[in-house]
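Let me begin by presenting the structure, written as structure tokens, before commenting on it.
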Amino acid sequence: MIDKQWASAADAVADIADGSSLAVGGFGLSGNPIALIEALLAQGTRDLSIVSNNCGVDDWGLGILLAAQRIRKMTSSYVGENKEFERQFLSGELELELTPQGTLAEKLRAGGSGIAAFFTQTGVGTQVAEGGLPRRYNADGSIAVASSVKDVRTFDVNGAPREFVLEEAITTDYALVHAAAGDRHGNLIFNKAARNFNPLAAMAGRICIAQVERLVEPGELDPDRVHLPGVYVHRIVEVGTDIPKRIERRTVSADAAAATEGA
């Protein structure tokens with residue numbers, strides 16, 4: 001029987017070496033594999049190249065690795081919630097490959113599906129395709145590294161010519177993901193917004209490490225509810241249902257706010 005369960009998050013990430021590339025799940029702060037991130041921080045791994053939709057916030061998610069200056073490069077679509085990210089990027093300490101969100105999702109999915117590249121209309125006519133988008137600055141604010149020009153081709157779509165830009169797929173050394181439930185064979189179920197990038201990140205990693213809130217025996221999960229088959233998952237760690245979860249921006253309705261003020 002294939003048993004992919006590991007005793008702890010620390011054991012599961014122990015072989016992630018300096019300079020490794022990682023695909024990390026999470027959408028905002030939803031579905032962040034925080035136990036695996038904290039284990040990686042504790043063991044001191046550095047010079048990481050990370051692909052993730054965003055980089056957490058200053059004190060949570062990937063933000064804790066960033067604050068410890070363990071990240072060399074980020075490939076992301078949204079980086080607006082982290083002041084330390086802004087500081088490191090503008091001062092030349094961090095490289096950023098800014099990628100449209102849908103394109104990033106497809107690059108991960110394609111990498112996990114064995115597809116080398118694909119054409120998309122997203123980014124045509126912008127620096128995404130034409131190059132020159134800053135990826136790393138010098139300390140004086142000048143551009144040290146800029147994005148390169150990408151291949152643009154014209155295809156006939158519904159009888160009309162349209163331009164498409166070539167985007168290469170992404171694969172990484174490891175993937176770190178969070179799931180609501182899983183079995184010891186690695187089959188995973190995600191909850192709501194946590195499903196946005198976790199399955200895609202899992203697919204792109206050559207070794208996928210999953211933290212799950214609830215671990216069950218093979219056969220206990222309804223096959224029709226499984227979002228990611230165990231073929232993509234290599235290690236699984238149970239972290240419990242009480243693992244901390246953060247909200248990026250907590251808001252209330254105007255009526256609720258008025259009721260609170262009047263109480």
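Here's how to read the names in the structure tokens: chain A, B, ... by the order shown, residue numbers from 1 in each chain, ligand numbers from 1 in the order shown.
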Problem set entry | Contacts of segment 62-79 of chain A at 6 Å (only C-alpha atoms; same-chain gap of 2+ positions) as a PyMOL selection string | chain A and resi 46-60+81+94-101
For this session: Taking the DSSP assignment computed from this structure's backbone, write out as number ranges by chain all residues of segment 96-189 of chain A that belong to helix (DSSP H, G or I).
Result: A: 101-113, 127-130
For this session: Name the residues in contact with segment 12-17 of chain A at a cut-off of 8 Å, using only C-alpha atoms, excluding same-chain residues fewer than 2 positions from it; report them as a list in words.
Result: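 Final neighbour list, sorted by chain and number: Trp6, Ala7, Ser8, Ala9, Ala10, Gly19, Ser20, Leu36, Ala39, Leu40, Gln43, Thr45, Arg46, Tyr174, Ile209, Arg235, Ile236 and Val237 of chain A.
Closest approach to Leu90 of chain A among A:Lys107, A:Ser113, A:Gly123, A:Ala144 is made by A:Ala144 (distances from only C-alpha atoms).
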Exercise. Using only C-alpha atoms, which residues sit within 12 Å of Ala194 of chain A once same-chain residues fewer than 5 positions away are excluded, as a list in words?
Worked result: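 These residues fall inside the cut-off: Val24, Gly25, Gly26, Phe27, Gly28, Leu29, Ser30, Gly31, Asn32, Pro33, Asn53, Val177, His178, Ala179, Ala180, Ala181, Leu188, Ile189, Pro199, Leu200, Ala201, Val212, His227 and Lys245 of chain A.
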Go ahead and save the picked residues with C-alpha atoms, as a CSV table (one decimal), in the first residue's frame.
chain,number,residue,atom,x,y,z
A,24,VAL,CA,3.2,27.5,-2.9
A,25,GLY,CA,-0.6,27.4,-2.6
A,26,GLY,CA,-2.8,30.1,-1.2
A,27,PHE,CA,-5.1,32.8,-2.4
A,28,GLY,CA,-4.5,35.9,-0.3
A,29,LEU,CA,-4.3,34.3,3.2
A,30,SER,CA,-6.8,31.6,2.3
A,31,GLY,CA,-5.2,28.1,2.1
A,32,ASN,CA,-1.7,29.1,3.1
A,33,PRO,CA,0.4,26.0,4.1
A,53,ASN,CA,-0.2,34.0,-6.3
A,177,VAL,CA,0.0,23.1,-0.3
A,178,HIS,CA,-2.8,23.2,2.3
A,179,ALA,CA,-6.0,21.0,2.0
A,180,ALA,CA,-9.0,20.6,4.2
A,181,ALA,CA,-8.9,16.8,4.0
A,188,LEU,CA,-7.0,15.9,-1.5
A,189,ILE,CA,-10.1,18.0,-0.9
A,199,PRO,CA,-4.2,22.2,-6.8
A,200,LEU,CA,-2.3,24.1,-9.5
A,201,ALA,CA,0.8,24.6,-7.2
A,212,VAL,CA,-4.1,18.6,5.7
A,227,HIS,CA,-10.2,17.8,-6.2
A,245,LYS,CA,-6.1,30.9,9.8
For this session: Among the residues of segment 24-164 of chain A, find those DSSP assigns to strand (DSSP E or B) from the backbone and print them as a VMD selection string.
Result: chain A and resid 24 27 30 48 to 51 57 60 71 to 76 95 to 98 117 to 120 134 to 137 143 to 146 152 to 157 160 to 164
Keeping C-alpha atoms, export the residues of the selection given above as a PDB file, in the first residue's frame.
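Okay, part_26.pdb is ready:
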ATOM      1  CA  VAL A  24       3.227  27.493  -2.875  1.00  0.00           C
ATOM      2  CA  PHE A  27      -5.099  32.827  -2.382  1.00  0.00           C
ATOM      3  CA  SER A  30      -6.782  31.566   2.306  1.00  0.00           C
ATOM      4  CA  LEU A  48      14.480  30.386  -2.470  1.00  0.00           C
ATOM      5  CA  SER A  49      12.710  31.019  -5.775  1.00  0.00           C
ATOM      6  CA  ILE A  50       8.983  30.896  -5.051  1.00  0.00           C
ATOM      7  CA  VAL A  51       5.972  30.821  -7.350  1.00  0.00           C
ATOM      8  CA  VAL A  57       1.440  39.756   4.583  1.00  0.00           C
ATOM      9  CA  TRP A  60       1.925  35.689   7.991  1.00  0.00           C
ATOM     10  CA  ILE A  71      13.472  34.511  -0.672  1.00  0.00           C
ATOM     11  CA  ARG A  72      15.583  35.465  -3.689  1.00  0.00           C
ATOM     12  CA  LYS A  73      12.820  35.643  -6.307  1.00  0.00           C
ATOM     13  CA  MET A  74       9.018  35.718  -6.388  1.00  0.00           C
ATOM     14  CA  THR A  75       6.816  34.905  -9.353  1.00  0.00           C
ATOM     15  CA  SER A  76       3.412  36.334  -8.445  1.00  0.00           C
ATOM     16  CA  GLU A  95      13.564  39.821  -7.846  1.00  0.00           C
ATOM     17  CA  LEU A  96       9.935  39.829  -8.995  1.00  0.00           C
ATOM     18  CA  GLU A  97       8.433  38.235 -12.078  1.00  0.00           C
ATOM     19  CA  LEU A  98       5.009  39.872 -12.137  1.00  0.00           C
ATOM     20  CA  ALA A 117       4.117  26.419 -23.345  1.00  0.00           C
ATOM     21  CA  PHE A 118       0.848  27.946 -24.564  1.00  0.00           C
ATOM     22  CA  PHE A 119      -0.454  31.030 -26.358  1.00  0.00           C
ATOM     23  CA  THR A 120      -2.777  33.531 -24.639  1.00  0.00           C
ATOM     24  CA  PRO A 134      11.287  45.708 -14.088  1.00  0.00           C
ATOM     25  CA  ARG A 135      12.207  42.419 -12.413  1.00  0.00           C
ATOM     26  CA  ARG A 136      14.984  43.637 -10.166  1.00  0.00           C
ATOM     27  CA  TYR A 137      16.229  47.134  -9.292  1.00  0.00           C
ATOM     28  CA  ILE A 143      16.574  48.807 -13.390  1.00  0.00           C
ATOM     29  CA  ALA A 144      19.065  45.950 -13.013  1.00  0.00           C
ATOM     30  CA  VAL A 145      17.005  43.229 -14.722  1.00  0.00           C
ATOM     31  CA  ALA A 146      14.004  43.720 -17.009  1.00  0.00           C
ATOM     32  CA  VAL A 152       3.766  37.022 -30.347  1.00  0.00           C
ATOM     33  CA  ARG A 153       1.899  35.251 -33.133  1.00  0.00           C
ATOM     34  CA  THR A 154      -1.319  35.867 -35.013  1.00  0.00           C
ATOM     35  CA  PHE A 155      -4.030  33.215 -35.133  1.00  0.00           C
ATOM     36  CA  ASP A 156      -7.377  33.192 -36.895  1.00  0.00           C
ATOM     37  CA  VAL A 157     -10.166  33.194 -34.273  1.00  0.00           C
ATOM     38  CA  ALA A 160     -10.654  37.348 -37.464  1.00  0.00           C
ATOM     39  CA  PRO A 161      -6.883  37.620 -36.851  1.00  0.00           C
ATOM     40  CA  ARG A 162      -5.879  37.994 -33.215  1.00  0.00           C
ATOM     41  CA  GLU A 163      -2.497  38.266 -31.560  1.00  0.00           C
ATOM     42  CA  PHE A 164      -1.402  35.847 -28.847  1.00  0.00           C
TER      43      PHE A 164
END
Problem set entry | Near-Arg184 of chain A list (12 Å; only C-alpha atoms; drop same-chain fewer than 4 positions) as a list in words | Met1, Ile2, Asp3, Lys4, Gln5, Trp6, Ala7, Leu188, Ala210, Gln211, Val212, Arg214, Leu215, Val216, Glu217, Pro218, Gly219, Glu220, Leu221, Pro229, Gly230, Val231, Val233, His234, Arg235, Ile236, Val237 and Glu238 of chain A
Problem set entry | Nearby residues (only C-alpha atoms) at most 10 Å from Pro244 of chain A, same-chain spacing under 2 positions excluded, as a PyMOL selection string | chain A and resi 34-35+240-242+246
How would the residues just picked look written out with all heavy atoms as a PDB file, in the first residue's frame?
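Result went into result-v3.pdb, see below:
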ATOM      1  N   ILE A  34       0.749  27.097   6.208  1.00  0.00           N
ATOM      2  CA  ILE A  34       1.537  27.817   7.193  1.00  0.00           C
ATOM      3  C   ILE A  34       2.439  26.894   8.011  1.00  0.00           C
ATOM      4  O   ILE A  34       3.562  27.271   8.370  1.00  0.00           O
ATOM      5  CB  ILE A  34       0.632  28.672   8.113  1.00  0.00           C
ATOM      6  CG1 ILE A  34       1.456  29.609   8.992  1.00  0.00           C
ATOM      7  CG2 ILE A  34      -0.307  27.795   8.923  1.00  0.00           C
ATOM      8  CD1 ILE A  34       2.262  30.638   8.221  1.00  0.00           C
ATOM      9  N   ALA A  35       1.993  25.680   8.322  1.00  0.00           N
ATOM     10  CA  ALA A  35       2.841  24.768   9.102  1.00  0.00           C
ATOM     11  C   ALA A  35       4.095  24.404   8.329  1.00  0.00           C
ATOM     12  O   ALA A  35       5.196  24.324   8.895  1.00  0.00           O
ATOM     13  CB  ALA A  35       2.058  23.512   9.470  1.00  0.00           C
ATOM     14  N   GLY A 240      -4.236  19.197  11.825  1.00  0.00           N
ATOM     15  CA  GLY A 240      -5.376  19.427  12.694  1.00  0.00           C
ATOM     16  C   GLY A 240      -6.287  20.545  12.214  1.00  0.00           C
ATOM     17  O   GLY A 240      -5.876  21.430  11.470  1.00  0.00           O
ATOM     18  N   THR A 241      -7.519  20.505  12.684  1.00  0.00           N
ATOM     19  CA  THR A 241      -8.520  21.482  12.243  1.00  0.00           C
ATOM     20  C   THR A 241      -8.408  22.816  12.977  1.00  0.00           C
ATOM     21  O   THR A 241      -9.039  23.794  12.572  1.00  0.00           O
ATOM     22  CB  THR A 241      -9.933  20.917  12.449  1.00  0.00           C
ATOM     23  OG1 THR A 241     -10.100  20.558  13.831  1.00  0.00           O
ATOM     24  CG2 THR A 241     -10.155  19.679  11.585  1.00  0.00           C
ATOM     25  N   ASP A 242      -7.625  22.862  14.058  1.00  0.00           N
ATOM     26  CA  ASP A 242      -7.492  24.107  14.810  1.00  0.00           C
ATOM     27  C   ASP A 242      -6.262  24.910  14.412  1.00  0.00           C
ATOM     28  O   ASP A 242      -5.874  25.854  15.107  1.00  0.00           O
ATOM     29  CB  ASP A 242      -7.453  23.823  16.314  1.00  0.00           C
ATOM     30  CG  ASP A 242      -6.284  22.928  16.710  1.00  0.00           C
ATOM     31  OD1 ASP A 242      -5.671  22.324  15.804  1.00  0.00           O
ATOM     32  OD2 ASP A 242      -6.000  22.824  17.921  1.00  0.00           O
ATOM     33  N   ARG A 246      -5.747  33.107   9.070  1.00  0.00           N
ATOM     34  CA  ARG A 246      -5.831  34.558   9.125  1.00  0.00           C
ATOM     35  C   ARG A 246      -6.746  35.089   8.026  1.00  0.00           C
ATOM     36  O   ARG A 246      -6.906  34.469   6.974  1.00  0.00           O
ATOM     37  CB  ARG A 246      -4.431  35.154   8.974  1.00  0.00           C
ATOM     38  CG  ARG A 246      -3.504  34.881  10.149  1.00  0.00           C
ATOM     39  CD  ARG A 246      -3.659  35.944  11.231  1.00  0.00           C
ATOM     40  NE  ARG A 246      -3.317  37.262  10.717  1.00  0.00           N
ATOM     41  CZ  ARG A 246      -2.079  37.759  10.723  1.00  0.00           C
ATOM     42  NH1 ARG A 246      -1.080  37.059  11.214  1.00  0.00           N
ATOM     43  NH2 ARG A 246      -1.842  38.976  10.258  1.00  0.00           N
TER      44      ARG A 246
END
Problem set entry | A:Ala169, A:Ala23, A:Gly61, A:Glu38 ranked by distance to Gly114 of chain A, top pick (using only C-alpha atoms) | A:Ala169
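Note that the spacing between atom CA of Met203 of chain A and atom CA of Tyr232 of chain A amounts to 5.7 Å.
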